[in-house]
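First up is the structure itself, then whatever we jot down about it.
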Amino acid sequence: MEAADKRLKKLRTDLVNGLTKGVIADLVDEMQGEGVINTSECEEILQANVTTKDKARGLIDTVSRKGPRASEKLIQSLNNADKELCNKLGLSPVENMGSSVPPTPPALVIPTTGEWITPCVQQQYDELSQKTEVYPVLPKNNRKRLALIINNIEFTNPKMARHGAEVDEKQMQKLLNGFGYEVEGHNNLTAEAMKEALTAFSNREEHVQSDSTFIVLMSHGLRDKICGKRHSESEEDTFHIDQIFNILNNKNCKGLRGKPKIIIIQACRGRSLGHAYVSDSATPQPHIEYEEEGPFYQVHKESDFICFCSTTPDSVALRHPEKGSIFIQNLIDVMRQNASNDHIEELFFKVQQSFMEFTRQLPVKERGTLMKKFYLFPGF
């Protein structure tokens, strides 16, 4: 029988005309669940394409490029979803697929316990933790790790509500809890309240007994600013990203001096456009020049930071109103699966790689001043 990928290509026009929006959505979910397409490809098919026919073309082309085995899975799923269309087109699945194609392994089940995050093995911990170029990790029973999440979901202007952002917050809190951080959370703050919350967090006494921290900011965003809940076209309510580093630097936050400070920024625009995804970045703002610090601060005032932003300057980032933002969800997936082996910059690089085929957005590392490699050592 003709290879499955060639069968899909031959029937491409008929499938594009015959597939419905609901069937396409179901097929995309099944293909993602089977590991045929990844998260970025899933979002690209459903969100980058406006019409139903474009979505169908995106699905067929993406799967058929992956070869006969992937294409056969799509044909099998299509027969379950729309048997009438398949009968009309003579598109039946290969009988006894296992005789010619290696059997598909069972789907990976993500445990609901602490194993949701892959733990670091003892041997690897012993080898890496003793190296001088690695940030030291305090004993689990003595440390007090803290993390801060500020997530602006509701705004004074109801049209700016960031639907789906609550999913990002829930999953990010689960991730950080799994890494041993007590998470302090705030929602729907003004720019001034964001500054106050960050300042209060920097002054918490527990940092003295910590070995690192995470700061996660999620809201609407301009080029170098995070929007407070009152922000609108007629009233600016913004918190400049520079302030994060000023508040947590070695001069102002002694409890975290010499310790890794990981800044995660998901800046969303949140306009309701009637689509599943919305643009994250607002109209680019002119770059503002800042005076350099005087000679009094010639020491490394801002060391041991790394900031990971959802997108490059002046570019959009995307968010699903039910599933959350692509950046945060990809970040969580990479970190929970790979933090047992990789240090933080390797993890961020893998997140960037996950966007290689999703050309509408690219996360970026900024202001990286880590002096050593930072491993989370999950489980230790």
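Letters for chains follow the order of the structure tokens (A, B, ...), residue numbers begin at 1 for each chain, and ligand numbers begin at 1 in the order shown.
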Tell me, as a compact mmCIF listing (two decimals) with all heavy atoms, in the first residue's frame, which residues lie within 10 Å of A:Gln337, counting only C-alpha atoms; anything in the same chain fewer than 3 positions away does not count.
```
# COMPACT_ATOMS: atom_id res chain seq x y z
N GLU A 115 7.25 13.55 41.69
CA GLU A 115 7.93 13.07 40.50
C GLU A 115 7.49 13.83 39.25
O GLU A 115 8.01 13.60 38.16
CB GLU A 115 7.69 11.57 40.32
CG GLU A 115 8.36 10.72 41.40
CD GLU A 115 8.11 9.24 41.20
OE1 GLU A 115 7.45 8.89 40.20
OE2 GLU A 115 8.55 8.45 42.03
N TRP A 116 6.51 14.70 39.38
CA TRP A 116 6.15 15.59 38.27
C TRP A 116 7.40 16.33 37.81
O TRP A 116 7.56 16.64 36.64
CB TRP A 116 5.09 16.57 38.75
CG TRP A 116 4.56 17.50 37.69
CD1 TRP A 116 3.78 17.17 36.63
CD2 TRP A 116 4.77 18.90 37.61
NE1 TRP A 116 3.49 18.28 35.89
CE2 TRP A 116 4.07 19.36 36.46
CE3 TRP A 116 5.46 19.83 38.40
CZ2 TRP A 116 4.05 20.70 36.09
CZ3 TRP A 116 5.45 21.16 38.03
CH2 TRP A 116 4.76 21.59 36.88
N ILE A 117 8.30 16.59 38.75
CA ILE A 117 9.62 17.14 38.43
C ILE A 117 10.62 16.00 38.52
O ILE A 117 10.72 15.32 39.55
CB ILE A 117 10.01 18.26 39.42
CG1 ILE A 117 9.03 19.44 39.28
CG2 ILE A 117 11.44 18.71 39.19
CD1 ILE A 117 9.29 20.55 40.28
N THR A 118 11.35 15.78 37.45
CA THR A 118 12.34 14.71 37.45
C THR A 118 13.42 14.99 38.50
O THR A 118 14.07 16.02 38.45
CB THR A 118 13.01 14.58 36.07
OG1 THR A 118 11.99 14.36 35.09
CG2 THR A 118 14.00 13.43 36.04
N PRO A 119 13.62 14.10 39.47
CA PRO A 119 14.59 14.36 40.54
C PRO A 119 16.03 14.16 40.08
O PRO A 119 16.31 13.38 39.17
CB PRO A 119 14.20 13.34 41.61
CG PRO A 119 13.59 12.21 40.83
CD PRO A 119 12.88 12.84 39.67
N ILE A 332 7.91 25.78 31.86
CA ILE A 332 7.59 24.81 32.90
C ILE A 332 7.92 23.40 32.44
O ILE A 332 8.53 22.61 33.17
CB ILE A 332 6.11 24.94 33.30
CG1 ILE A 332 5.88 26.24 34.08
CG2 ILE A 332 5.67 23.74 34.15
CD1 ILE A 332 4.42 26.59 34.28
N ASP A 333 7.53 23.06 31.22
CA ASP A 333 7.80 21.71 30.71
C ASP A 333 9.29 21.43 30.67
O ASP A 333 9.75 20.34 31.07
CB ASP A 333 7.21 21.56 29.30
CG ASP A 333 5.70 21.41 29.32
OD1 ASP A 333 5.15 21.13 30.40
OD2 ASP A 333 5.07 21.58 28.26
N VAL A 334 10.07 22.38 30.18
CA VAL A 334 11.52 22.17 30.08
C VAL A 334 12.14 22.04 31.46
O VAL A 334 12.96 21.15 31.72
CB VAL A 334 12.18 23.33 29.30
CG1 VAL A 334 13.71 23.30 29.46
CG2 VAL A 334 11.82 23.26 27.82
N SER A 340 17.00 18.37 36.49
CA SER A 340 17.82 17.37 37.17
C SER A 340 19.20 17.25 36.55
O SER A 340 20.14 16.79 37.20
CB SER A 340 17.13 16.01 37.11
OG SER A 340 16.89 15.62 35.77
N ASN A 341 19.34 17.70 35.29
CA ASN A 341 20.61 17.54 34.57
C ASN A 341 21.27 18.86 34.19
O ASN A 341 22.49 18.94 34.09
CB ASN A 341 20.38 16.75 33.27
CG ASN A 341 19.80 15.38 33.51
OD1 ASN A 341 20.32 14.63 34.32
ND2 ASN A 341 18.73 15.05 32.81
N ASP A 342 20.48 19.90 33.95
CA ASP A 342 21.00 21.12 33.34
C ASP A 342 21.00 22.29 34.31
O ASP A 342 20.11 22.41 35.17
CB ASP A 342 20.15 21.50 32.12
CG ASP A 342 20.14 20.43 31.06
OD1 ASP A 342 21.15 19.70 30.96
OD2 ASP A 342 19.14 20.31 30.33
N LEU A 347 18.83 25.37 30.60
CA LEU A 347 17.38 25.23 30.59
C LEU A 347 16.74 26.32 29.73
O LEU A 347 15.85 26.05 28.92
CB LEU A 347 16.83 25.30 32.01
CG LEU A 347 17.21 24.15 32.94
CD1 LEU A 347 16.78 24.46 34.37
CD2 LEU A 347 16.59 22.84 32.47
```
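The residue that comes closest to A:Ile344, out of A:Ala161, A:Ala193, A:Val134, A:Ile244 and on the basis of only C-alpha atoms, is A:Val134.
Using only C-alpha atoms, the shortest contact distance between A:Glu182 and any of A:His163, A:His343, A:Arg143, A:Lys131 is found at A:Arg143.
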Using DSSP on the backbone coordinates, identify the residues of stretch 50-173 of chain A assigned to strand (DSSP E or B); present them as a list in words.
Val134, Arg145, Leu146, Ala147, Leu148, Ile149, Ile150 and Asn151 of chain A
Find the residues around A:Ile306 up to 8 Å (only C-alpha atoms counted), leave out those fewer than 2 positions away in its own chain, and share them as a ChimeraX atom specification.
/A:260-263,304,308,365-370
Please report, as a Markdown table, each residue of stretch 64-179 of chain A lying at most 12 Å from stretch 50-59 of chain A, together with the nearest pair of atoms and the separation in Å rounded to one decimal; use only C-alpha atoms, and order rows by chain and ascending residue number.
```
| residue | atom | partner | partner_atom | distance |
| --- | --- | --- | --- | --- |
| A:Ser64 | CA | A:Leu59 | CA | 8.4 |
| A:Arg65 | CA | A:Leu59 | CA | 10.1 |
| A:Lys66 | CA | A:Leu59 | CA | 11.3 |
| A:Ala70 | CA | A:Leu59 | CA | 11.6 |
| A:Ser71 | CA | A:Leu59 | CA | 10.4 |
| A:Leu74 | CA | A:Leu59 | CA | 9.3 |
| A:Ile75 | CA | A:Leu59 | CA | 11.8 |
| A:Leu78 | CA | A:Leu59 | CA | 11.7 |
```
A:Ile24, A:Val36, A:Ile153, A:Ala339: which is nearest A:Asn49, counting only C-alpha atoms?
A:Ile24
Mind pulling up the distance from atom CA of A:Asn188 to atom CA of A:Met160?
11.7 Å
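With only C-alpha atoms as the basis for measurement, A:Gly228 is the residue among A:Gly221, A:Gly33, A:Gly228, A:Gly178 that approaches A:Ala191 most closely.
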Nearest to A:Gly324: which of A:Arg162, A:His207, A:Lys251, A:Arg360 is it, counting only C-alpha atoms?
A:Arg162
Set the distance at 7 Å and use only C-alpha atoms: which residues neighbour A:Ile264 once local chain neighbours fewer than 4 positions away are removed? I'd like the list as JSON, numbers by chain.
{"A": [215, 216, 217, 307, 308, 309]}
Report the distance between atom CA of A:Asn203 and atom CA of A:Glu166 in Å, rounded to one decimal place.
26.8 Å
If you count only C-alpha atoms, which residues fall within 12 Å of A:Ala267, apart from same-chain ones fewer than 5 positions away, as an MDAnalysis selection string?
chainID A and resid 150:153 162 165 216:228 238:239 241 278:282 308:319 325:328 363
DSSP alpha helix (DSSP H) residues within stretch 166-228 of chain A, listed as a short mmCIF file (atom, residue, chain, number, x, y, z; two decimals) with N, CA, C and O atoms, in the first residue's frame:
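Contents of selection22.cif, as written:
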```
data_model
loop_
_atom_site.label_atom_id
_atom_site.label_comp_id
_atom_site.auth_asym_id
_atom_site.auth_seq_id
_atom_site.Cartn_x
_atom_site.Cartn_y
_atom_site.Cartn_z
N GLU A 166 -4.25 32.83 34.81
CA GLU A 166 -4.35 32.10 36.06
C GLU A 166 -3.76 30.69 35.92
O GLU A 166 -3.26 30.12 36.89
N VAL A 167 -3.81 30.14 34.70
CA VAL A 167 -3.19 28.84 34.46
C VAL A 167 -1.68 28.93 34.61
O VAL A 167 -1.04 28.08 35.24
N ASP A 168 -1.09 29.99 34.04
CA ASP A 168 0.35 30.22 34.17
C ASP A 168 0.76 30.31 35.64
O ASP A 168 1.74 29.72 36.07
N GLU A 169 -0.02 31.05 36.40
CA GLU A 169 0.31 31.25 37.81
C GLU A 169 0.24 29.94 38.59
O GLU A 169 1.14 29.62 39.38
N LYS A 170 -0.82 29.18 38.37
CA LYS A 170 -0.99 27.92 39.09
C LYS A 170 0.15 26.95 38.78
O LYS A 170 0.73 26.33 39.68
N GLN A 171 0.49 26.83 37.49
CA GLN A 171 1.55 25.90 37.09
C GLN A 171 2.93 26.38 37.55
O GLN A 171 3.77 25.58 37.95
N MET A 172 3.16 27.68 37.48
CA MET A 172 4.45 28.20 37.91
C MET A 172 4.63 28.03 39.42
O MET A 172 5.72 27.71 39.90
N GLN A 173 3.56 28.23 40.17
CA GLN A 173 3.65 28.01 41.61
C GLN A 173 3.93 26.54 41.92
O GLN A 173 4.74 26.23 42.80
N LYS A 174 3.28 25.65 41.18
CA LYS A 174 3.53 24.22 41.37
C LYS A 174 4.99 23.88 41.08
O LYS A 174 5.62 23.11 41.80
N LEU A 175 5.53 24.48 40.03
CA LEU A 175 6.93 24.23 39.66
C LEU A 175 7.87 24.71 40.75
O LEU A 175 8.76 23.98 41.20
N LEU A 176 7.68 25.94 41.20
CA LEU A 176 8.58 26.51 42.20
C LEU A 176 8.44 25.81 43.55
O LEU A 176 9.44 25.60 44.25
N ASN A 177 7.23 25.43 43.92
CA ASN A 177 7.05 24.62 45.13
C ASN A 177 7.82 23.32 45.01
O ASN A 177 8.44 22.86 45.98
N GLY A 178 7.79 22.73 43.82
CA GLY A 178 8.50 21.47 43.61
C GLY A 178 10.00 21.62 43.73
O GLY A 178 10.70 20.64 44.08
N ALA A 191 1.30 49.78 39.49
CA ALA A 191 2.76 49.82 39.37
C ALA A 191 3.41 50.14 40.71
O ALA A 191 4.42 49.53 41.08
N GLU A 192 2.83 51.06 41.45
CA GLU A 192 3.40 51.42 42.75
C GLU A 192 3.30 50.25 43.73
O GLU A 192 4.22 49.98 44.49
N ALA A 193 2.18 49.53 43.69
CA ALA A 193 2.03 48.37 44.57
C ALA A 193 2.99 47.26 44.18
O ALA A 193 3.47 46.51 45.05
N MET A 194 3.30 47.12 42.90
CA MET A 194 4.29 46.14 42.47
C MET A 194 5.65 46.47 43.05
O MET A 194 6.38 45.59 43.54
N LYS A 195 6.01 47.74 43.01
CA LYS A 195 7.28 48.18 43.57
C LYS A 195 7.33 47.90 45.08
O LYS A 195 8.33 47.41 45.61
N GLU A 196 6.23 48.20 45.76
CA GLU A 196 6.17 47.97 47.21
C GLU A 196 6.27 46.48 47.54
O GLU A 196 6.96 46.09 48.49
N ALA A 197 5.59 45.65 46.77
CA ALA A 197 5.63 44.21 47.02
C ALA A 197 7.03 43.66 46.80
O ALA A 197 7.52 42.82 47.57
N LEU A 198 7.69 44.12 45.75
CA LEU A 198 9.05 43.65 45.45
C LEU A 198 10.03 44.13 46.51
O LEU A 198 10.93 43.38 46.94
N THR A 199 9.86 45.37 46.97
CA THR A 199 10.73 45.90 48.01
C THR A 199 10.55 45.13 49.31
O THR A 199 11.53 44.77 49.99
N ALA A 200 9.30 44.87 49.69
CA ALA A 200 9.04 44.11 50.91
C ALA A 200 9.61 42.70 50.79
O ALA A 200 10.18 42.16 51.76
N PHE A 201 9.49 42.12 49.62
CA PHE A 201 10.04 40.77 49.41
C PHE A 201 11.56 40.79 49.56
O PHE A 201 12.14 39.88 50.17
N SER A 202 12.22 41.80 49.02
CA SER A 202 13.68 41.87 49.10
C SER A 202 14.17 42.01 50.54
O SER A 202 15.31 41.67 50.86
#
```
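Put simply, atom CA of A:Met335 is 9.9 Å away from atom CA of A:Phe179.
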